[in-house]
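my_file-v7.tsv follows (TSV, C-alpha atoms and all ligand atoms):
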chain	number	residue	atom	x	y	z
B	1	MET	CA	102.77	94.92	107.51
B	2	ARG	CA	102.18	96.86	104.29
B	3	TYR	CA	99.02	96.87	102.23
B	4	ILE	CA	97.99	96.84	98.59
B	5	PHE	CA	94.24	97.24	98.25
B	6	GLY	CA	92.18	97.31	95.05
B	7	ASN	CA	88.87	99.16	95.22
B	8	TRP	CA	86.93	97.94	92.20
B	9	LYS	CA	84.20	100.53	92.85
B	10	MET	CA	81.26	99.90	90.46
B	11	TYR	CA	83.45	99.34	87.41
B	12	LEU	CA	82.74	95.62	86.91
B	13	ASN	CA	79.70	93.37	86.71
B	14	GLU	CA	79.65	89.96	88.40
B	15	GLU	CA	81.13	88.06	85.47
B	16	GLU	CA	83.95	90.59	85.03
B	17	SER	CA	84.62	90.63	88.77
B	18	VAL	CA	84.90	86.84	88.92
B	19	ARG	CA	87.18	86.78	85.87
B	20	LEU	CA	89.45	89.42	87.39
B	21	ALA	CA	89.41	87.62	90.76
B	22	ARG	CA	90.60	84.40	89.05
B	23	GLU	CA	93.54	86.28	87.53
B	24	VAL	CA	94.33	88.18	90.72
B	25	GLY	CA	94.14	84.97	92.74
B	26	GLU	CA	97.10	83.60	90.75
B	27	LEU	CA	99.39	86.42	91.84
B	28	SER	CA	101.86	85.78	94.61
B	29	VAL	CA	102.29	88.27	97.38
B	30	ALA	CA	105.55	88.70	99.24
B	31	PRO	CA	105.64	88.12	103.01
B	32	GLY	CA	104.97	91.32	104.92
B	33	PHE	CA	102.29	92.44	102.48
B	34	SER	CA	98.59	92.10	102.93
B	35	CYS	CA	96.54	92.41	99.73
B	36	ALA	CA	92.80	92.69	99.30
B	37	VAL	CA	90.22	93.53	96.70
B	38	PHE	CA	86.90	95.27	97.27
B	39	PRO	CA	84.28	94.10	94.76
B	40	ASN	CA	80.75	95.48	94.57
B	41	THR	CA	78.22	93.92	96.95
B	42	LEU	CA	76.64	91.76	94.26
B	43	SER	CA	80.01	90.27	93.33
B	44	PHE	CA	81.34	89.95	96.86
B	45	LEU	CA	80.37	86.29	97.44
B	46	PRO	CA	81.56	84.82	94.12
B	47	VAL	CA	84.82	86.80	94.38
B	48	ARG	CA	85.29	85.57	97.96
B	49	ASP	CA	84.84	81.98	96.72
B	50	VAL	CA	87.38	82.42	93.92
B	51	LEU	CA	89.96	83.96	96.26
B	52	ARG	CA	89.39	81.52	99.13
B	53	ASN	CA	92.78	79.79	98.85
B	54	SER	CA	94.72	82.73	97.45
B	55	SER	CA	96.94	85.40	99.00
B	56	PHE	CA	94.13	87.93	98.68
B	57	SER	CA	91.47	88.91	101.18
B	58	VAL	CA	88.13	90.38	100.24
B	59	GLY	CA	86.65	93.56	101.64
B	60	ALA	CA	83.38	95.48	101.56
B	61	GLN	CA	83.17	98.83	99.76
B	62	ASN	CA	80.54	100.06	102.17
B	63	VAL	CA	78.67	98.74	105.20
B	64	SER	CA	75.61	99.73	107.13
B	65	TRP	CA	76.00	100.19	110.88
B	66	VAL	CA	72.75	98.55	111.95
B	67	PRO	CA	73.41	94.81	112.32
B	68	ARG	CA	70.15	93.23	111.13
B	69	GLY	CA	66.49	94.05	110.80
B	70	ALA	CA	64.06	96.12	108.79
B	71	TYR	CA	66.63	98.20	106.89
B	72	THR	CA	65.76	97.99	103.21
B	73	GLY	CA	68.76	98.05	100.92
B	74	ALA	CA	71.34	97.81	103.69
B	75	THR	CA	74.13	95.24	104.11
B	76	SER	CA	75.69	95.42	107.52
B	77	ALA	CA	79.23	95.13	108.80
B	78	GLU	CA	78.04	92.05	110.68
B	79	LEU	CA	76.70	90.35	107.52
B	80	PHE	CA	79.90	91.13	105.62
B	81	ARG	CA	82.02	89.81	108.46
B	82	GLU	CA	79.99	86.59	108.68
B	83	SER	CA	80.42	86.16	104.92
B	84	GLY	CA	84.20	86.40	105.09
B	85	ALA	CA	85.09	90.06	104.62
B	86	ALA	CA	88.34	91.06	106.30
B	87	TYR	CA	88.14	94.81	105.70
B	88	ALA	CA	85.55	97.49	104.93
B	89	LEU	CA	86.07	100.86	103.30
B	90	VAL	CA	84.39	103.49	105.42
B	91	GLY	CA	83.80	107.10	104.49
B	92	HIS	CA	85.16	106.90	100.95
B	93	SER	CA	84.80	110.34	99.37
B	94	GLU	CA	82.43	108.91	96.75
B	95	ARG	CA	80.13	107.82	99.59
B	96	ARG	CA	80.49	111.16	101.33
B	97	TYR	CA	80.09	113.47	98.35
B	98	ILE	CA	77.85	111.53	95.97
B	99	PHE	CA	75.67	109.68	98.48
B	100	GLY	CA	75.68	112.31	101.21
B	101	GLU	CA	77.29	110.27	103.97
B	102	ASP	CA	78.20	112.53	106.87
B	103	ASP	CA	80.81	112.20	109.62
B	104	SER	CA	78.30	110.78	112.08
B	105	ALA	CA	77.38	107.97	109.67
B	106	VAL	CA	81.08	107.32	109.08
B	107	ARG	CA	81.63	107.14	112.82
B	108	LYS	CA	78.77	104.65	113.32
B	109	LYS	CA	80.11	102.48	110.52
B	110	ILE	CA	83.57	102.41	112.09
B	111	GLU	CA	82.04	101.37	115.42
B	112	ALA	CA	79.98	98.65	113.70
B	113	CYS	CA	83.13	97.29	112.02
B	114	ILE	CA	85.07	97.31	115.28
B	115	ASP	CA	82.21	95.53	117.07
B	116	VAL	CA	82.26	92.60	114.68
B	117	GLY	CA	86.02	92.40	114.06
B	118	LEU	CA	86.01	93.84	110.55
B	119	VAL	CA	88.99	96.14	109.94
B	120	PRO	CA	87.67	99.56	108.89
B	121	VAL	CA	89.69	101.39	106.25
B	122	VAL	CA	88.74	104.95	107.13
B	123	CYS	CA	89.09	107.25	104.13
B	124	VAL	CA	89.91	110.93	104.60
B	125	GLY	CA	91.12	113.63	102.26
B	126	GLU	CA	90.77	117.28	101.36
B	127	GLU	CA	89.14	118.90	98.36
B	128	LYS	CA	91.08	120.96	95.83
B	129	HIS	CA	89.87	124.27	97.26
B	130	ASP	CA	91.02	123.24	100.76
B	131	ARG	CA	94.48	122.59	99.40
B	132	ASP	CA	94.54	125.78	97.35
B	133	ASN	CA	93.60	127.73	100.48
B	134	GLY	CA	96.26	126.09	102.64
B	135	LYS	CA	93.61	124.14	104.55
B	136	ALA	CA	94.46	120.56	103.60
B	137	GLU	CA	95.73	119.61	107.06
B	138	TYR	CA	92.88	121.40	108.82
B	139	ARG	CA	90.29	119.61	106.69
B	140	VAL	CA	91.79	116.16	107.21
B	141	LYS	CA	92.27	116.68	110.96
B	142	LYS	CA	88.66	117.76	111.26
B	143	GLN	CA	87.49	114.58	109.55
B	144	LEU	CA	89.72	112.52	111.83
B	145	MET	CA	88.51	114.32	114.92
B	146	LYS	CA	84.86	113.67	114.05
B	147	VAL	CA	85.39	109.97	113.60
B	148	PHE	CA	88.04	109.20	116.25
B	149	GLU	CA	87.10	111.43	119.21
B	150	GLY	CA	86.13	109.17	122.12
B	151	LEU	CA	86.22	106.07	119.95
B	152	SER	CA	86.91	102.87	121.82
B	153	ILE	CA	89.20	100.89	119.54
B	154	GLY	CA	90.78	98.55	122.09
B	155	THR	CA	93.17	96.20	120.37
B	156	GLN	CA	91.14	96.06	117.16
B	157	SER	CA	92.92	97.03	113.95
B	158	VAL	CA	91.99	100.20	112.15
B	159	ILE	CA	93.52	101.49	108.92
B	160	VAL	CA	93.34	105.04	107.58
B	161	ALA	CA	93.56	105.86	103.87
B	162	TYR	CA	94.63	109.36	102.86
B	163	GLU	CA	92.82	109.99	99.60
B	164	PRO	CA	92.89	113.63	98.52
B	165	ILE	CA	89.68	114.09	96.56
B	166	TRP	CA	91.33	116.05	93.76
B	167	ALA	CA	93.66	113.09	93.12
B	168	ILE	CA	90.96	110.42	92.84
B	169	GLY	CA	90.30	109.28	89.30
B	170	THR	CA	91.93	112.39	87.82
B	171	GLY	CA	95.43	111.19	86.93
B	172	ASP	CA	96.62	114.12	89.06
B	173	ALA	CA	98.25	111.99	91.77
B	174	CYS	CA	99.51	113.67	94.92
B	175	SER	CA	103.30	113.77	94.89
B	176	ASP	CA	104.89	111.06	97.00
B	177	THR	CA	106.65	113.60	99.22
B	178	GLU	CA	103.43	115.48	99.91
B	179	ALA	CA	101.52	112.22	100.51
B	180	ALA	CA	104.25	111.18	102.95
B	181	ARG	CA	104.05	114.55	104.72
B	182	MET	CA	100.24	114.39	105.05
B	183	ILE	CA	100.44	110.81	106.25
B	184	GLY	CA	102.93	111.93	108.90
B	185	VAL	CA	100.39	114.54	110.04
B	186	ILE	CA	97.63	111.90	110.13
B	187	LYS	CA	99.76	109.43	112.08
B	188	GLU	CA	100.62	112.02	114.68
B	189	TYR	CA	96.96	112.97	115.01
B	190	VAL	CA	95.59	109.43	115.43
B	191	ALA	CA	98.43	108.09	117.61
B	192	PRO	CA	96.65	108.83	120.93
B	193	TYR	CA	93.64	106.77	119.87
B	194	HIS	CA	95.43	103.45	119.61
B	195	SER	CA	97.99	101.57	121.64
B	196	GLY	CA	99.67	100.25	118.49
B	197	GLU	CA	100.29	102.11	115.26
B	198	ILE	CA	97.43	102.82	112.89
B	199	PRO	CA	98.64	102.09	109.35
B	200	VAL	CA	97.98	104.88	106.85
B	201	LEU	CA	97.73	104.21	103.11
B	202	TYR	CA	97.78	106.58	100.16
B	203	GLY	CA	95.09	106.51	97.45
B	204	GLY	CA	94.45	108.68	94.39
B	205	SER	CA	95.58	107.91	90.81
B	206	VAL	CA	98.09	105.27	91.91
B	207	ASP	CA	99.33	103.25	88.92
B	208	ALA	CA	102.14	100.91	87.93
B	209	GLN	CA	104.43	103.88	87.16
B	210	ASN	CA	104.08	105.84	90.40
B	211	VAL	CA	103.38	103.13	92.98
B	212	HIS	CA	107.06	102.63	93.83
B	213	THR	CA	107.43	106.33	94.70
B	214	TYR	CA	104.83	105.96	97.48
B	215	LEU	CA	106.13	102.64	98.74
B	216	SER	CA	109.67	104.02	98.85
B	217	HIS	CA	108.57	106.08	101.86
B	218	GLY	CA	108.62	103.97	105.01
B	219	ILE	CA	105.90	106.15	106.51
B	220	ILE	CA	103.38	105.18	103.78
B	221	ASP	CA	102.04	101.79	104.80
B	222	GLY	CA	100.53	100.92	101.45
B	223	VAL	CA	98.25	102.00	98.65
B	224	LEU	CA	94.53	101.97	97.95
B	225	ILE	CA	94.09	101.70	94.19
B	226	GLY	CA	90.91	102.35	92.22
B	227	LYS	CA	90.82	102.17	88.42
B	228	ALA	CA	94.30	100.65	87.98
B	229	SER	CA	93.31	97.68	90.17
B	230	THR	CA	90.64	96.65	87.64
B	231	ASP	CA	93.23	96.06	84.91
B	232	VAL	CA	95.00	92.82	85.67
B	233	THR	CA	98.13	93.71	83.67
B	234	ILE	CA	98.61	96.90	85.69
B	235	PHE	CA	97.58	95.33	88.99
B	236	GLU	CA	99.91	92.38	88.41
B	237	LYS	CA	102.84	94.78	87.89
B	238	ILE	CA	101.93	96.62	91.06
B	239	VAL	CA	101.59	93.50	93.17
B	240	THR	CA	104.42	91.39	91.80
B	241	GLU	CA	106.99	94.14	91.40
B	242	HIS	CA	106.29	95.89	94.67
B	243	THR	CA	105.63	93.21	97.22
P	301	LIG	P1	91.80	105.93	91.59
P	301	LIG	O1	92.98	105.03	91.85
P	301	LIG	O2	90.96	105.46	90.41
P	301	LIG	O3	92.19	107.37	91.51
P	301	LIG	O4	90.82	105.80	92.84
P	301	LIG	C1	91.33	105.90	94.12
P	301	LIG	C2	90.30	105.50	95.08
P	301	LIG	O5	89.28	106.14	95.22
P	301	LIG	C3	90.52	104.25	95.83
P	301	LIG	O6	89.59	104.10	96.85

The structure given in the file should be rewritten as structure tokens.
Ligand code: 13P
Amino acid sequence: MRYIFGNWKMYLNEEESVRLAREVGELSVAPGFSCAVFPNTLSFLPVRDVLRNSSFSVGAQNVSWVPRGAYTGATSAELFRESGAAYALVGHSERRYIFGEDDSAVRKKIEACIDVGLVPVVCVGEEKHDRDNGKAEYRVKKQLMKVFEGLSIGTQSVIVAYEPIWAIGTGDACSDTEAARMIGVIKEYVAPYHSGEIPVLYGGSVDAQNVHTYLSHGIIDGVLIGKASTDVTIFEKIVTEHT
């Protein structure tokens, strides 16, 4: 299975999200590909309704690890799962760096997803200074170690997304060969934690021009697209020409 995921971040309001979902829902996805969009929490339910009979699943951009209770402002993995989410982004760099989410929170969110059968899409990636100092692999392995060590995954699916921070929203996409190399490193690192293979996606300035370079590498199991996934003309090209 290969994956094309669109993370709509907080780019769209409810009306815009529903409009985009209607257009996206018309797209056909080739067998062997799994496609999903991740609307903001407010737009999650109407987008889910629009995409109900389409080839697209809907995911959560963020979940809280506590299931229910007195947790003001939280929306749990359990609530998202009950409302039809198939996936949840966990540990996106915007959550880590802007909202101060640490590795232990990321770990608890992964466990919460696994508990309720939501597939966590665990985001990891190095900063520019890590890369410049030859520490990209070290940084990513450290993130993986903190979230995977001792984790009981069982047969539940987990996906990892390699999203180098310097490549997100900058137009400075990681080269396909380097993304493939880093994804090889990630796969080798996470292999002992799962009986099957953990798919690893690439994310960071993916667009209609460069997407084929990533998908031409068998080792890259798909792409996690931000800005370009909110433009239906671009997203249509990506989905219809590459699945
Ligand atoms: P861009 O595709 O806008 O660089 O964002 C990538 C990303 O953060 C997806 O989660």

Closest-contact table, region 187-207 of chain B side, partner region 123-139 of chain B, 10 Å, counting only C-alpha atoms, as CSV:
residue,atom,partner,partner_atom,distance
B:Val200,CA,B:Cys123,CA,9.6
B:Leu201,CA,B:Cys123,CA,9.2
B:Tyr202,CA,B:Cys123,CA,9.6
B:Gly203,CA,B:Cys123,CA,9.0
B:Gly204,CA,B:Gly125,CA,9.9

Could you work out an axis-aligned bounding box for all listed atoms of ligand LIG 301 (chain P), with 6 Å added on each of the six sides, and give its centre and edge lengths in Å to one decimal, as lines of an AutoDock Vina configuration file?
center_x = 91.1
center_y = 105.7
center_z = 93.6
size_x = 15.7
size_y = 15.3
size_z = 18.4

Which residues are near ligand LIG 301 (chain P) in this structure, taking near to mean any atom at most 10 Å from a ligand atom and counting only C-alpha atoms and all ligand atoms? Format them as JSON, numbers by chain. {"B": [5, 6, 7, 8, 9, 38, 61, 89, 92, 93, 94, 121, 123, 161, 162, 163, 164, 165, 166, 167, 168, 169, 170, 171, 172, 173, 202, 203, 204, 205, 206, 207, 223, 224, 225, 226, 227, 228, 229, 230]}

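Each of B:Thr233, B:Ser76, B:Asn13, B:Ser28 was checked against Glu111 (chain B) using all atoms listed in the file; the smallest atom-to-atom distance is that of B:Ser76.
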
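Minimum atom-to-atom distance to Phe33 (chain B), evaluated using all atoms listed in the file, belongs to B:Val239 out of B:Leu144, B:Val239, B:Ile183, B:Ile198.
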